[in-house]
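Visitor: Structure supplied as final09.txt; contents: compact mmCIF, C-alpha atoms.
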# COMPACT_ATOMS: atom_id res chain seq x y z
CA MET Z 1 154.43 66.09 142.87
CA VAL Z 2 150.72 66.35 143.51
CA VAL Z 3 148.28 64.08 141.74
CA PHE Z 4 144.58 64.92 142.02
CA THR Z 5 141.98 62.56 140.66
CA ASN Z 6 138.25 62.21 140.73
CA SER Z 7 137.33 61.31 144.13
CA MET Z 8 137.06 57.24 150.50
CA PHE Z 9 141.77 56.30 154.25
CA CYS Z 10 142.59 57.31 157.59
CA SER Z 11 141.51 56.41 159.99
CA ILE Z 12 146.25 51.48 169.56
CA PRO Z 13 146.20 53.03 176.94
CA PRO Z 14 149.19 51.49 178.71
CA TRP Z 15 149.74 48.09 177.17
CA LYS Z 16 149.29 44.91 179.17
CA LEU Z 17 149.41 41.19 178.67
CA ARG Z 18 145.99 40.31 177.36
CA ASN Z 19 143.98 37.52 175.87
CA PRO Z 20 143.25 37.79 172.16
CA SER Z 21 140.09 39.81 171.71
CA LYS Z 22 136.96 38.19 170.42
CA ILE Z 23 134.79 39.26 167.58
CA LYS Z 24 131.34 37.93 166.88
CA GLN Z 25 131.29 35.94 163.67
CA HIS Z 26 128.49 36.86 161.32
CA SER Z 27 126.91 34.50 158.86
CA SER Z 28 127.14 35.38 155.19
CA THR Z 29 124.48 37.68 153.82
CA ALA Z 30 124.01 37.58 150.09
CA ILE Z 31 121.75 39.51 147.79
CA LEU Z 32 122.89 37.44 144.85
CA LYS Z 33 122.69 33.68 144.77
CA SER Z 34 125.92 32.29 146.23
CA PRO Z 35 128.09 30.49 143.68
CA THR Z 36 129.18 26.97 144.53
CA LEU Z 37 132.56 27.04 146.26
CA THR Z 38 134.97 24.36 145.13
CA SER Z 39 138.54 24.39 146.47
CA CYS Z 40 137.68 26.58 149.45
CA GLN Z 41 134.53 24.59 150.27
CA ALA Z 42 132.93 25.99 153.44
CA LYS Z 43 134.98 29.21 153.53
CA ARG Z 44 134.96 32.05 151.05
CA CYS Z 45 137.97 31.89 148.72
CA CYS Z 46 140.37 34.83 148.75
CA ASP Z 47 143.05 35.37 146.14
CA CYS Z 48 146.17 36.63 147.92
CA TYR Z 49 148.83 38.74 146.23
CA ASP Z 50 151.51 38.79 148.90
CA MET Z 51 154.26 41.32 148.22
CA TYR Z 52 154.95 42.23 151.82
CA LYS Z 53 158.71 42.49 151.27
CA GLU Z 54 158.31 44.73 148.23
CA LEU Z 55 158.20 48.54 148.09
CA VAL Z 56 155.42 49.13 145.58
CA PRO Z 57 154.78 52.61 144.13
CA TYR Z 58 151.45 53.88 145.41
CA ALA Z 59 150.07 54.78 142.00
CA GLU Z 60 150.63 51.24 140.69
CA ALA Z 61 148.87 49.58 143.62
CA TRP Z 62 146.03 52.10 143.52
CA SER Z 63 145.41 51.59 139.81
CA TRP Z 64 145.58 47.81 140.26
CA GLN Z 65 142.97 47.92 143.04
CA LYS Z 66 140.57 49.85 140.84
CA THR Z 67 141.06 47.39 138.00
CA ILE Z 68 140.25 44.46 140.30
CA VAL Z 69 137.16 46.28 141.61
CA ASP Z 70 135.90 46.86 138.08
CA GLU Z 71 136.48 43.19 137.23
CA ARG Z 72 134.74 42.11 140.43
CA LYS Z 73 131.67 44.21 139.71
CA ALA Z 74 131.47 42.73 136.20
CA GLN Z 75 131.68 39.23 137.70
CA ILE Z 76 128.88 40.08 140.11
CA GLU Z 77 126.68 41.07 137.18
CA ARG Z 78 127.31 37.64 135.64
CA ASN Z 79 126.94 35.87 139.00
CA GLU Z 80 130.52 34.64 138.66
CA ASP Z 81 132.07 36.25 141.73
CA LEU Z 82 133.86 33.27 143.28
CA ALA Z 83 136.58 34.89 145.41
CA ASP Z 84 137.63 37.95 147.37
CA THR Z 85 141.10 39.48 147.01
CA LEU Z 86 143.82 40.47 149.49
CA ILE Z 87 146.86 42.53 148.53
CA VAL Z 88 149.72 42.81 151.05
CA LEU Z 89 152.67 45.14 150.47
CA GLN Z 90 154.78 48.07 151.59
CA HIS Z 91 154.87 51.40 149.78
CA GLN Z 92 157.61 53.71 148.68
CA PRO Z 93 157.33 56.97 150.68
CA VAL Z 94 154.10 58.77 149.80
CA TYR Z 95 151.44 61.04 151.26
CA THR Z 96 147.79 60.37 150.43
CA LEU Z 97 144.68 62.48 150.91
CA GLY Z 98 141.08 61.34 151.21
CA THR Z 99 138.05 62.87 149.56
CA GLY Z 100 137.48 65.32 152.40
CA SER Z 101 141.12 66.05 153.26
CA SER Z 102 142.05 69.62 154.10
CA GLU Z 103 145.38 71.13 153.13
CA GLU Z 104 145.37 72.76 156.59
CA ASN Z 105 146.62 69.38 157.84
CA ILE Z 106 149.69 69.54 155.60
CA HIS Z 107 152.78 71.39 156.85
CA PHE Z 108 154.54 71.74 153.51
CA ASP Z 109 153.99 73.39 150.15
CA VAL Z 110 151.94 70.91 148.12
CA LYS Z 111 153.69 72.18 144.98
CA ASN Z 112 157.03 71.17 146.49
CA ALA Z 113 156.10 68.08 148.51
CA PRO Z 114 158.92 65.99 150.06
CA PHE Z 115 157.31 62.86 148.59
CA GLU Z 116 154.64 62.15 146.01
CA LEU Z 117 151.21 63.33 147.11
CA TYR Z 118 147.94 61.81 145.87
CA ARG Z 119 144.33 62.74 146.44
CA THR Z 120 142.34 59.51 146.36
CA GLU Z 121 138.71 58.43 146.52
CA ARG Z 122 139.11 56.90 150.01
CA GLY Z 123 137.58 58.49 153.07
CA GLY Z 124 139.49 60.33 155.73
CA GLU Z 125 142.35 62.79 156.02
CA VAL Z 126 146.01 62.89 155.07
CA THR Z 127 148.31 60.00 155.98
CA TYR Z 128 151.80 58.71 155.16
CA HIS Z 129 152.91 55.36 153.78
CA GLY Z 130 156.50 54.15 153.62
CA PRO Z 131 158.99 51.35 154.24
CA GLY Z 132 158.43 49.39 157.44
CA GLN Z 133 154.67 49.85 157.27
CA LEU Z 134 152.60 46.81 156.29
CA VAL Z 135 149.61 47.66 154.13
CA MET Z 136 146.66 45.35 153.45
CA TYR Z 137 144.16 46.08 150.70
CA PRO Z 138 141.16 43.73 151.01
CA ILE Z 139 138.90 43.78 147.96
CA ILE Z 140 135.86 42.08 149.47
CA ASN Z 141 132.32 41.59 148.30
CA LEU Z 142 130.43 42.42 151.49
CA ARG Z 143 127.37 40.59 150.16
CA TYR Z 144 129.17 37.39 151.22
CA HIS Z 145 130.11 38.75 154.65
CA LYS Z 146 127.92 41.48 156.15
CA MET Z 147 126.53 44.47 154.31
CA ASP Z 148 127.45 46.90 157.07
CA LEU Z 149 130.31 49.37 156.74
CA HIS Z 150 130.61 49.83 160.50
CA TRP Z 151 131.00 46.06 160.90
CA TYR Z 152 133.65 46.06 158.20
CA LEU Z 153 135.67 48.88 159.79
CA ARG Z 154 135.45 47.27 163.24
CA SER Z 155 136.54 43.94 161.71
CA LEU Z 156 139.64 45.53 160.18
CA GLU Z 157 140.44 47.02 163.59
CA GLU Z 158 139.93 43.59 165.14
CA VAL Z 159 142.55 42.08 162.85
CA ILE Z 160 145.12 44.59 164.14
CA ILE Z 161 144.08 44.21 167.77
CA ARG Z 162 144.52 40.44 167.55
CA VAL Z 163 147.93 40.78 165.87
CA LEU Z 164 149.27 43.09 168.57
CA SER Z 165 147.93 40.85 171.32
CA SER Z 166 148.95 37.46 169.97
CA SER Z 167 152.37 38.40 168.58
CA PHE Z 168 153.55 41.16 170.92
CA SER Z 169 151.34 40.90 174.06
CA MET Z 170 150.23 44.49 173.57
CA GLU Z 171 146.79 45.55 174.74
CA ALA Z 172 145.49 47.57 171.83
CA SER Z 173 142.17 49.34 171.75
CA ARG Z 174 139.70 51.40 169.80
CA ILE Z 175 138.79 54.98 170.66
CA ASP Z 176 135.17 56.09 170.48
CA GLY Z 177 134.53 58.36 167.55
CA LEU Z 178 137.82 57.54 165.82
CA THR Z 179 138.78 54.85 163.34
CA GLY Z 180 142.07 53.03 163.85
CA VAL Z 181 143.96 51.05 166.50
CA TRP Z 182 145.83 52.46 169.47
CA VAL Z 183 148.28 51.42 172.20
CA GLY Z 184 148.19 53.98 174.96
CA GLY Z 185 148.15 57.38 173.32
CA GLN Z 186 149.87 56.19 170.17
CA LYS Z 187 148.10 55.30 166.93
CA LEU Z 188 149.74 52.28 165.33
CA ALA Z 189 147.24 51.55 162.59
CA ALA Z 190 145.30 53.71 160.18
CA ILE Z 191 142.21 52.42 158.39
CA GLY Z 192 140.35 53.89 155.49
CA ILE Z 193 138.12 52.43 152.84
CA ARG Z 194 136.10 52.99 149.73
CA VAL Z 195 133.10 50.81 148.94
CA SER Z 196 131.48 50.62 145.53
CA GLN Z 197 128.41 48.42 145.04
CA TRP Z 198 129.39 46.64 148.29
CA VAL Z 199 132.89 45.87 146.99
CA THR Z 200 135.63 47.26 149.25
CA TYR Z 201 139.06 48.62 148.44
CA HIS Z 202 141.82 50.63 150.10
CA GLY Z 203 142.26 49.20 153.62
CA LEU Z 204 144.66 49.31 156.59
CA ALA Z 205 148.24 50.33 157.31
CA LEU Z 206 150.18 49.13 160.38
CA ASN Z 207 153.41 50.83 161.48
CA VAL Z 208 155.92 48.09 162.28
CA THR Z 209 159.42 49.53 161.83
CA THR Z 210 158.32 52.72 160.07
CA ASP Z 211 160.40 55.89 160.23
CA LEU Z 212 157.87 58.19 161.91
CA ALA Z 213 159.60 61.46 160.93
CA PRO Z 214 157.45 62.03 157.80
CA PHE Z 215 154.33 62.09 160.00
CA GLN Z 216 155.67 65.28 161.58
CA GLN Z 217 154.99 67.14 158.35
CA ILE Z 218 151.26 66.39 158.48
CA VAL Z 219 148.43 66.10 160.99
CA PRO Z 220 147.92 62.34 160.57
CA CYS Z 221 144.28 61.59 159.87
CA GLY Z 222 143.46 65.11 161.03
CA ILE Z 223 143.93 64.11 164.70
CA ARG Z 224 145.96 66.80 166.44
CA ASP Z 225 146.02 65.50 170.03
CA ARG Z 226 147.34 61.98 169.43
CA GLN Z 227 150.77 60.62 168.59
CA VAL Z 228 151.69 58.14 165.90
CA GLY Z 229 153.66 55.10 167.02
CA SER Z 230 155.13 51.86 165.73
CA ILE Z 231 155.55 48.33 167.02
CA LYS Z 232 159.33 48.74 166.99
CA GLY Z 233 159.12 51.99 168.93
CA LEU Z 234 156.86 50.54 171.60
CA LEU Z 235 159.05 47.47 172.00
CA ARG Z 236 162.10 49.70 172.45
CA GLU Z 237 160.22 52.00 174.84
CA HIS Z 238 159.18 49.10 177.04
CA SER Z 239 162.25 46.92 176.59
CA HIS Z 240 163.10 47.17 180.28
CA SER Z 241 159.56 46.63 181.53
CA ASN Z 242 158.61 43.41 183.26
CA GLY Z 243 155.72 41.20 182.27
CA CYS Z 244 155.06 42.96 178.97
CA GLY Z 245 156.23 40.19 176.73
CA THR Z 246 159.08 42.26 175.26
CA GLU Z 247 161.82 39.83 176.31
CA ASN Z 248 161.25 37.72 173.21
CA HIS Z 249 161.22 40.65 170.79
CA GLN Z 250 163.64 43.34 171.91
CA ASP Z 251 166.59 41.75 170.07
CA LEU Z 252 164.77 41.27 166.77
CA ASP Z 253 165.91 43.24 163.76
CA ASP Z 254 163.59 45.08 161.40
CA VAL Z 255 163.30 42.21 158.93
CA GLN Z 256 162.31 39.79 161.67
CA LEU Z 257 159.71 42.19 163.08
CA ILE Z 258 158.18 42.61 159.63
CA ASP Z 259 158.12 38.84 159.10
CA ILE Z 260 156.43 38.15 162.46
CA THR Z 261 153.85 40.89 161.97
CA HIS Z 262 153.09 39.84 158.41
CA LYS Z 263 152.52 36.19 159.36
CA SER Z 264 150.17 37.23 162.15
CA LEU Z 265 148.30 39.76 159.98
CA VAL Z 266 147.50 37.17 157.33
CA LYS Z 267 146.45 34.59 159.93
CA GLU Z 268 144.16 36.96 161.83
CA PHE Z 269 142.66 38.35 158.64
CA CYS Z 270 141.65 34.84 157.60
CA GLU Z 271 140.14 34.12 161.01
CA VAL Z 272 138.20 37.37 161.33
CA PHE Z 273 136.80 37.26 157.81
CA GLN Z 274 136.56 33.47 157.59
CA VAL Z 275 138.32 33.18 154.24
CA GLU Z 276 140.79 30.69 152.80
CA LEU Z 277 143.71 32.19 150.91
CA GLN Z 278 144.82 31.12 147.47
CA CYS Z 279 148.28 32.54 146.73
CA LYS Z 280 148.62 34.19 143.33
CA PRO Z 281 151.63 35.67 141.51
CA SER Z 282 151.50 39.44 141.42
CA PRO Z 283 151.27 41.07 137.99
CA LEU Z 284 153.11 44.08 139.43
CA LEU Z 285 156.24 41.95 139.87
CA ILE Z 286 156.09 40.30 136.46
CA SER Z 287 158.10 42.23 133.88
Rewrite the coordinates I just gave you, this time as C-alpha cells.
Guide:
Amino acid sequence: MVVFTNSMFCSIPPWKLRNPSKIKQHSSTAILKSPTLTSCQAKRCCDCYDMYKELVPYAEAWSWQKTIVDERKAQIERNEDLADTLIVLQHQPVYTLGTGSSEENIHFDVKNAPFELYRTERGGEVTYHGPGQLVMYPIINLRYHKMDLHWYLRSLEEVIIRVLSSSFSMEASRIDGLTGVWVGGQKLAAIGIRVSQWVTYHGLALNVTTDLAPFQQIVPCGIRDRQVGSIKGLLREHSHSNGCGTENHQDLDDVQLIDITHKSLVKEFCEVFQVELQCKPSPLLIS
C-alpha cells in the first residue's frame, strides 16, 4: 500500500567508555510575549503522551501530530501557547519517504510493498519504523528555545548521544554532512523534522531491539556506504569485550532494553531542552 500526500525524516567509530557529552544551553528566545508559567515555573512545560510500549499505526500518529501542530499554531495566534508536546511510541512496520525521497532508494515494487509505505512532509529519504525502535515526536515551539533549525537537529542528536553514553557506555558521534547518530560505522538513530511557523514535528527514531532485516530492502536515508545498527546488536557484538560496559547489559531481554532506553531518552530530552514533563493520557489509546 502506498499513500502519497501533499508534502520534511531521515536523517552513531569504535565505541569506548566516555563521559556524557555536553551541550551548550541556550536561553529562550521569544518573538511573542512569554505566557506566565504556572506548574512548571522556571522550565517550559511539555505535555507527554508516553506510549512507548505500544505499536501505533504510523498513519494515526502522523495525523495526530498534524492536529496538535494546527492547535499549537492557533494558540500562538491567541498568545495562549503554554506547553510543548512530546509523543513517545513504537510503530507497526512501515516505510516512510520524505519530500525529496527517490524511489531509486527502494528495492521493491512500491505497488506491492512488504509494509505500508507513506510519503510524508518531513525532510530526508526513505526509512523504516518497526517494533523495537523507540520513536520520539517533539512538537516544540522553537520561539521558546532557539529559532535555529541546525541547533534543533544537533540537540536531538545530543539526546541520543547522551543516552548511549549514560546507559550503555557507548561512544556515539555525529558525522559531518550527515544527520543522525552513529557508533562506529553503524547508524543507530535517524532524525528528520518538519517545522511550520517555528513549530516542530516528526522527530527521531532509535533502534534498540529492532529487526534490521527490513532495512535491507531500502537504502536507509539514502546513505549507501553506511550500515544500520541497533543497541541490542552492538551489545551482542561486544559482549566479550573488556571495559566496554557490556557486562551489565548482555543478559537483558528485549523488554528490559526498551525500558532502560526509554527511561534514559525521556530524562535526557528533558535535560537538553530544559522542559518539565506533564504526563497526559493518549487519545489514541482511548476507545
Visitor: Tell me which protein, DNA and RNA residues are within 8 Å of stretch 51-67 of chain Z, counting all atoms listed in the file, leaving out same-chain ones fewer than 2 positions away, and put them as an MDAnalysis selection string.
Guide: chainID Z and resid 49 69:71 87:92 94 131 134:135 137 139 201:202 262 282 284
Visitor: Quick one, how far is atom CA of Z:Tyr128 from atom CA of Z:Pro220?
Guide: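 Interatomic distance, atom CA of Z:Tyr128 to atom CA of Z:Pro220: 7.6 Å.
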Visitor: Name the closest residue to Z:Asp253 among the candidates Z:Gly132, Z:Pro93, Z:Gly177, Z:Gly123; distances are taken between atoms, counting all atoms listed in the file.
Guide: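 Under the stated criterion, the closest residue is Z:Gly132.
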Visitor: Which neighbours of Z:Leu204 fall inside 12 Å, counting only C-alpha atoms, when residues of the same chain fewer than 2 positions from it are skipped, and could you give them as a ChimeraX atom specification?
Guide: /Z:9-11,86-90,122,127-129,133-139,152-160,179-181,188-194,200-202,206-207,265,269
Visitor: Using all atoms listed in the file, which of Z:Glu103, Z:Glu116, Z:Asp254, Z:Asp81 sits nearest Z:Cys46?
Guide: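 Closest to Z:Cys46, using all atoms listed in the file: Z:Asp81.
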Visitor: Would you mind listing what lies within 12 Å of Z:Leu252 as a PyMOL selection string, with all atoms listed in the file counted and same-chain residues fewer than 6 positions away left out?
Guide: chain Z and resi 168+209+231-232+235-236+239+246+258-261
Visitor: Could you jot down the atom CA of Z:Gly130 to atom CA of Z:Pro283 separation for me, Å, one decimal place?
Guide: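 A separation of 21.0 Å between them.
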Visitor: Would you list the residues near (145.4, 50.9, 171.2), meaning any protein, DNA or RNA residue with an atom at most 10 Å from that point in file coordinates, counting all atoms listed in the file, as a list in words?
Guide: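 Checked against the point, the hits come out as Ile12, Pro13, Pro14, Trp15, Glu157, Ile160, Ile161, Leu164, Met170, Glu171, Ala172, Ser173, Arg174, Ile175, Gly180, Val181, Trp182, Val183, Gly184, Gly185, Gln186, Lys187, Leu188 and Ala189 of chain Z.
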Visitor: Just how far from atom CA of Z:Ala113 is atom CA of Z:Glu125, in Å to one decimal?
Guide: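 One can read the atom CA of Z:Glu125 to atom CA of Z:Ala113 distance as 16.5 Å.
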Visitor: Of the candidates Z:Ile68, Z:Ile218, Z:Met147, Z:Leu142, which shows the shortest atom-to-atom distance to Z:Asn105, using all atoms listed in the file?
Guide: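 Nearest to Z:Asn105: Z:Ile218.
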Visitor: When you count only C-alpha atoms, which of these residues is closest to Z:Leu277: Z:Val163, Z:Ile76, Z:Leu257, Z:Ala83?
Guide: Z:Ala83
Visitor: Which residue gives the smallest distance to Z:Ser264 among Z:Ser166, Z:Gln278, Z:Thr99, Z:Thr120, with only C-alpha atoms counted?
Guide: Z:Ser166
